[in-house]
Protein chains: 2
Amino acid sequence: MTFYEKLKFDSNGLIPAIVQDHRTGRVLMMAWMNRASLEKTLETGKTHFWSRSRQKFWMKGETSGHTQAVKDIAFDCDGDTLLIQVEQIGAACHEGYRSCFFRSVAAPGQEIQITEPQLETPENIYGKK
Amino acid sequence: MTFYEKLKFDSNGLIPAIVQDHRTGRVLMMAWMNRASLEKTLETGKTHFWSRSRQKFWMKGETSGHTQAVKDIAFDCDGDTLLIQVEQIGAACHEGYRSCFFRSVAAPGQEIQITEPQLETPENIYGKK
């Protein structure tokens, strides 16, 4: 059974991909892939996704330069989620943080904490809008 | 703005939750939560999910004893994914592996590799069927 046959894409043809820094273990982001973006990811060694909001194929870093070089692609027991190890250039988050998961709560009713420094402003990454 | 107001549940009232070992950084699993399972998770300090296949509220470990004690709940920039740090008892995967992501490929056409030892057999965890 090939890798693709092990995977279950949802009714929209998509599978969620968790992206993790292969060195630090920091979870950087989660985004969705269709079969074409997964094939392109494997072919090029750079992550490609499907944007559900923009209905568009995109390469991570195509605008920002913050690309992700793929080191490994794991899939879960049900074959319906991917875990991709990458070498991340710069900030994974469009808000300029290393990880999109830069806010957290530790207990009910607790204040939301910012847990990491902002590396760049969105204006620096994408230009003024 | 409260924590819940920052979150975006999908059209089925669900949000994906990535579960990570708070000590090793190993990504253990991904499952779905509705608002009730997230509230129960925060209240009890143990992860609770919504099973899409069984249409059922469940506590992780309710059958296996392999519960997850919550250390932190982060959410991403779009508010549509959770990242939960836990202390995992035993195997997170129902197939007896520490992590559900126990298989991977590193390059196109490559063989699928099992990347970690199986801690227990499913029969040991759940009994013979």
# chains A, B, ... in the order shown; residues from 1 in each chain; ligands from 1

call {"tool": "closest_atom_pairs", "arguments": {"of": "chain A", "to": "chain B", "cutoff": "9 Å", "atoms": "only C-alpha atoms", "output": "Markdown table"}}
result
| residue | atom | partner | partner_atom | distance |
| --- | --- | --- | --- | --- |
| A:Thr2 | CA | B:Ile112 | CA | 8.0 |
| A:Phe3 | CA | B:Ile112 | CA | 6.8 |
| A:Ile18 | CA | B:Ile18 | CA | 8.0 |
| A:Gln20 | CA | B:Val27 | CA | 8.6 |
| A:Thr24 | CA | B:Gly25 | CA | 8.1 |
| A:Gly25 | CA | B:Gly25 | CA | 5.3 |
| A:Arg26 | CA | B:Gly25 | CA | 7.0 |
| A:Val27 | CA | B:Leu83 | CA | 8.1 |
| A:Met29 | CA | B:Asp76 | CA | 7.4 |
| A:Met30 | CA | B:Thr81 | CA | 7.3 |
| A:Glu39 | CA | B:Pro108 | CA | 8.4 |
| A:Leu42 | CA | B:Pro108 | CA | 5.7 |
| A:Glu43 | CA | B:Pro108 | CA | 6.8 |
| A:Gly45 | CA | B:Ala107 | CA | 8.3 |
| A:Val70 | CA | B:Ala106 | CA | 8.3 |
| A:Lys71 | CA | B:Ala106 | CA | 6.4 |
| A:Asp72 | CA | B:Ala106 | CA | 4.5 |
| A:Ile73 | CA | B:Ser104 | CA | 5.4 |
| A:Ala74 | CA | B:Ser104 | CA | 3.8 |
| A:Phe75 | CA | B:Phe101 | CA | 5.2 |
| A:Asp76 | CA | B:Phe101 | CA | 4.3 |
| A:Cys77 | CA | B:Cys100 | CA | 5.3 |
| A:Asp78 | CA | B:Cys100 | CA | 8.2 |
| A:Thr81 | CA | B:Met30 | CA | 7.3 |
| A:Leu82 | CA | B:Phe101 | CA | 7.9 |
| A:Leu83 | CA | B:Phe101 | CA | 7.0 |
| A:Cys93 | CA | B:Cys77 | CA | 7.4 |
| A:His94 | CA | B:Cys77 | CA | 8.2 |
| A:Glu95 | CA | B:Cys77 | CA | 7.4 |
| A:Ser99 | CA | B:Asp76 | CA | 8.2 |
| A:Cys100 | CA | B:Asp76 | CA | 4.8 |
| A:Phe101 | CA | B:Asp76 | CA | 4.3 |
| A:Phe102 | CA | B:Asp76 | CA | 6.8 |
| A:Arg103 | CA | B:Ala74 | CA | 5.5 |
| A:Ser104 | CA | B:Ala74 | CA | 3.8 |
| A:Val105 | CA | B:Ile73 | CA | 5.4 |
| A:Ala106 | CA | B:Asp72 | CA | 4.5 |
| A:Ala107 | CA | B:Leu42 | CA | 6.4 |
| A:Pro108 | CA | B:Leu42 | CA | 5.7 |
| A:Gly109 | CA | B:Thr2 | CA | 8.1 |
| A:Gln110 | CA | B:Phe3 | CA | 8.5 |
| A:Glu111 | CA | B:Thr2 | CA | 8.0 |
| A:Ile112 | CA | B:Phe3 | CA | 6.9 |

call {"tool": "write_last_selection", "arguments": {"atoms": "C-alpha atoms", "output": "compact mmCIF listing (two decimals), in the first residue's frame"}}
result
# COMPACT_ATOMS: atom_id res chain seq x y z
CA THR A 2 1.45 3.33 -0.99
CA PHE A 3 1.61 6.39 1.18
CA ILE A 18 0.33 19.92 11.46
CA GLN A 20 6.42 21.14 13.49
CA THR A 24 12.87 22.38 18.58
CA GLY A 25 9.62 20.39 18.39
CA ARG A 26 7.65 23.65 18.42
CA VAL A 27 4.32 23.23 16.64
CA MET A 29 0.93 25.97 12.40
CA MET A 30 -1.81 23.81 11.03
CA GLU A 39 2.23 15.86 -4.13
CA LEU A 42 6.81 15.86 -1.69
CA GLU A 43 8.12 16.77 -5.16
CA GLY A 45 10.52 19.55 -0.53
CA VAL A 70 10.35 19.38 4.60
CA LYS A 71 12.33 16.85 6.65
CA ASP A 72 9.69 14.17 7.26
CA ILE A 73 5.97 13.53 6.73
CA ALA A 74 4.19 11.32 9.26
CA PHE A 75 0.52 10.33 9.22
CA ASP A 76 -1.70 9.18 12.04
CA CYS A 77 -3.30 5.83 12.80
CA ASP A 78 -6.55 6.81 11.08
CA THR A 81 -4.00 13.88 9.72
CA LEU A 82 -0.43 14.66 8.63
CA LEU A 83 2.48 15.72 10.85
CA CYS A 93 2.83 32.98 11.47
CA HIS A 94 1.52 35.76 9.26
CA GLU A 95 1.36 37.89 12.39
CA SER A 99 4.54 29.86 15.77
CA CYS A 100 0.87 30.58 15.09
CA PHE A 101 0.17 29.21 18.60
CA PHE A 102 1.61 32.25 20.38
CA ARG A 103 -1.31 32.72 22.78
CA SER A 104 -2.50 30.38 25.48
CA VAL A 105 -4.50 29.90 28.64
CA ALA A 106 -3.43 27.56 31.41
CA ALA A 107 -6.62 27.42 33.44
CA PRO A 108 -10.33 28.36 33.21
CA GLY A 109 -10.97 32.08 33.52
CA GLN A 110 -7.29 32.86 33.24
CA GLU A 111 -6.01 35.76 31.17
CA ILE A 112 -4.72 34.98 27.69

call {"tool": "select_by_dssp", "arguments": {"residues": "chain B", "states": "alpha helix (DSSP H)", "output": "NGL selection string"}}
result
:B and (35-44 or 122-126)

call {"tool": "select_by_dssp", "arguments": {"residues": "region 7-110 of chain A", "states": "strand (DSSP E or B)", "output": "ChimeraX atom specification"}}
result
/A:15-21,27-33,46,48-51,56-59,68-75,82-88,97,103-105

call {"tool": "closest_residue", "arguments": {"among": "A:Gly96, A:Gly61, A:Pro122, A:Gly13", "to": "Ser37 (chain A)", "atoms": "only C-alpha atoms"}}
result
A:Gly13

call {"tool": "residues_around", "arguments": {"residues": "Lys46 (chain B)", "least_positions_apart": "4", "cutoff": "9 Å", "atoms": "only C-alpha atoms", "output": "ChimeraX atom specification"}}
result
/B:40-42,59-60,67-70,86

call {"tool": "residues_around", "arguments": {"residues": "Arg98 (chain A)", "least_positions_apart": "4", "cutoff": "8 Å", "atoms": "only C-alpha atoms", "output": "count of residues only"}}
result
8

call {"tool": "atom_distance", "arguments": {"atom1": "CA of Ser51 (chain B)", "atom2": "CA of Met33 (chain B)"}}
result
8.2 Å
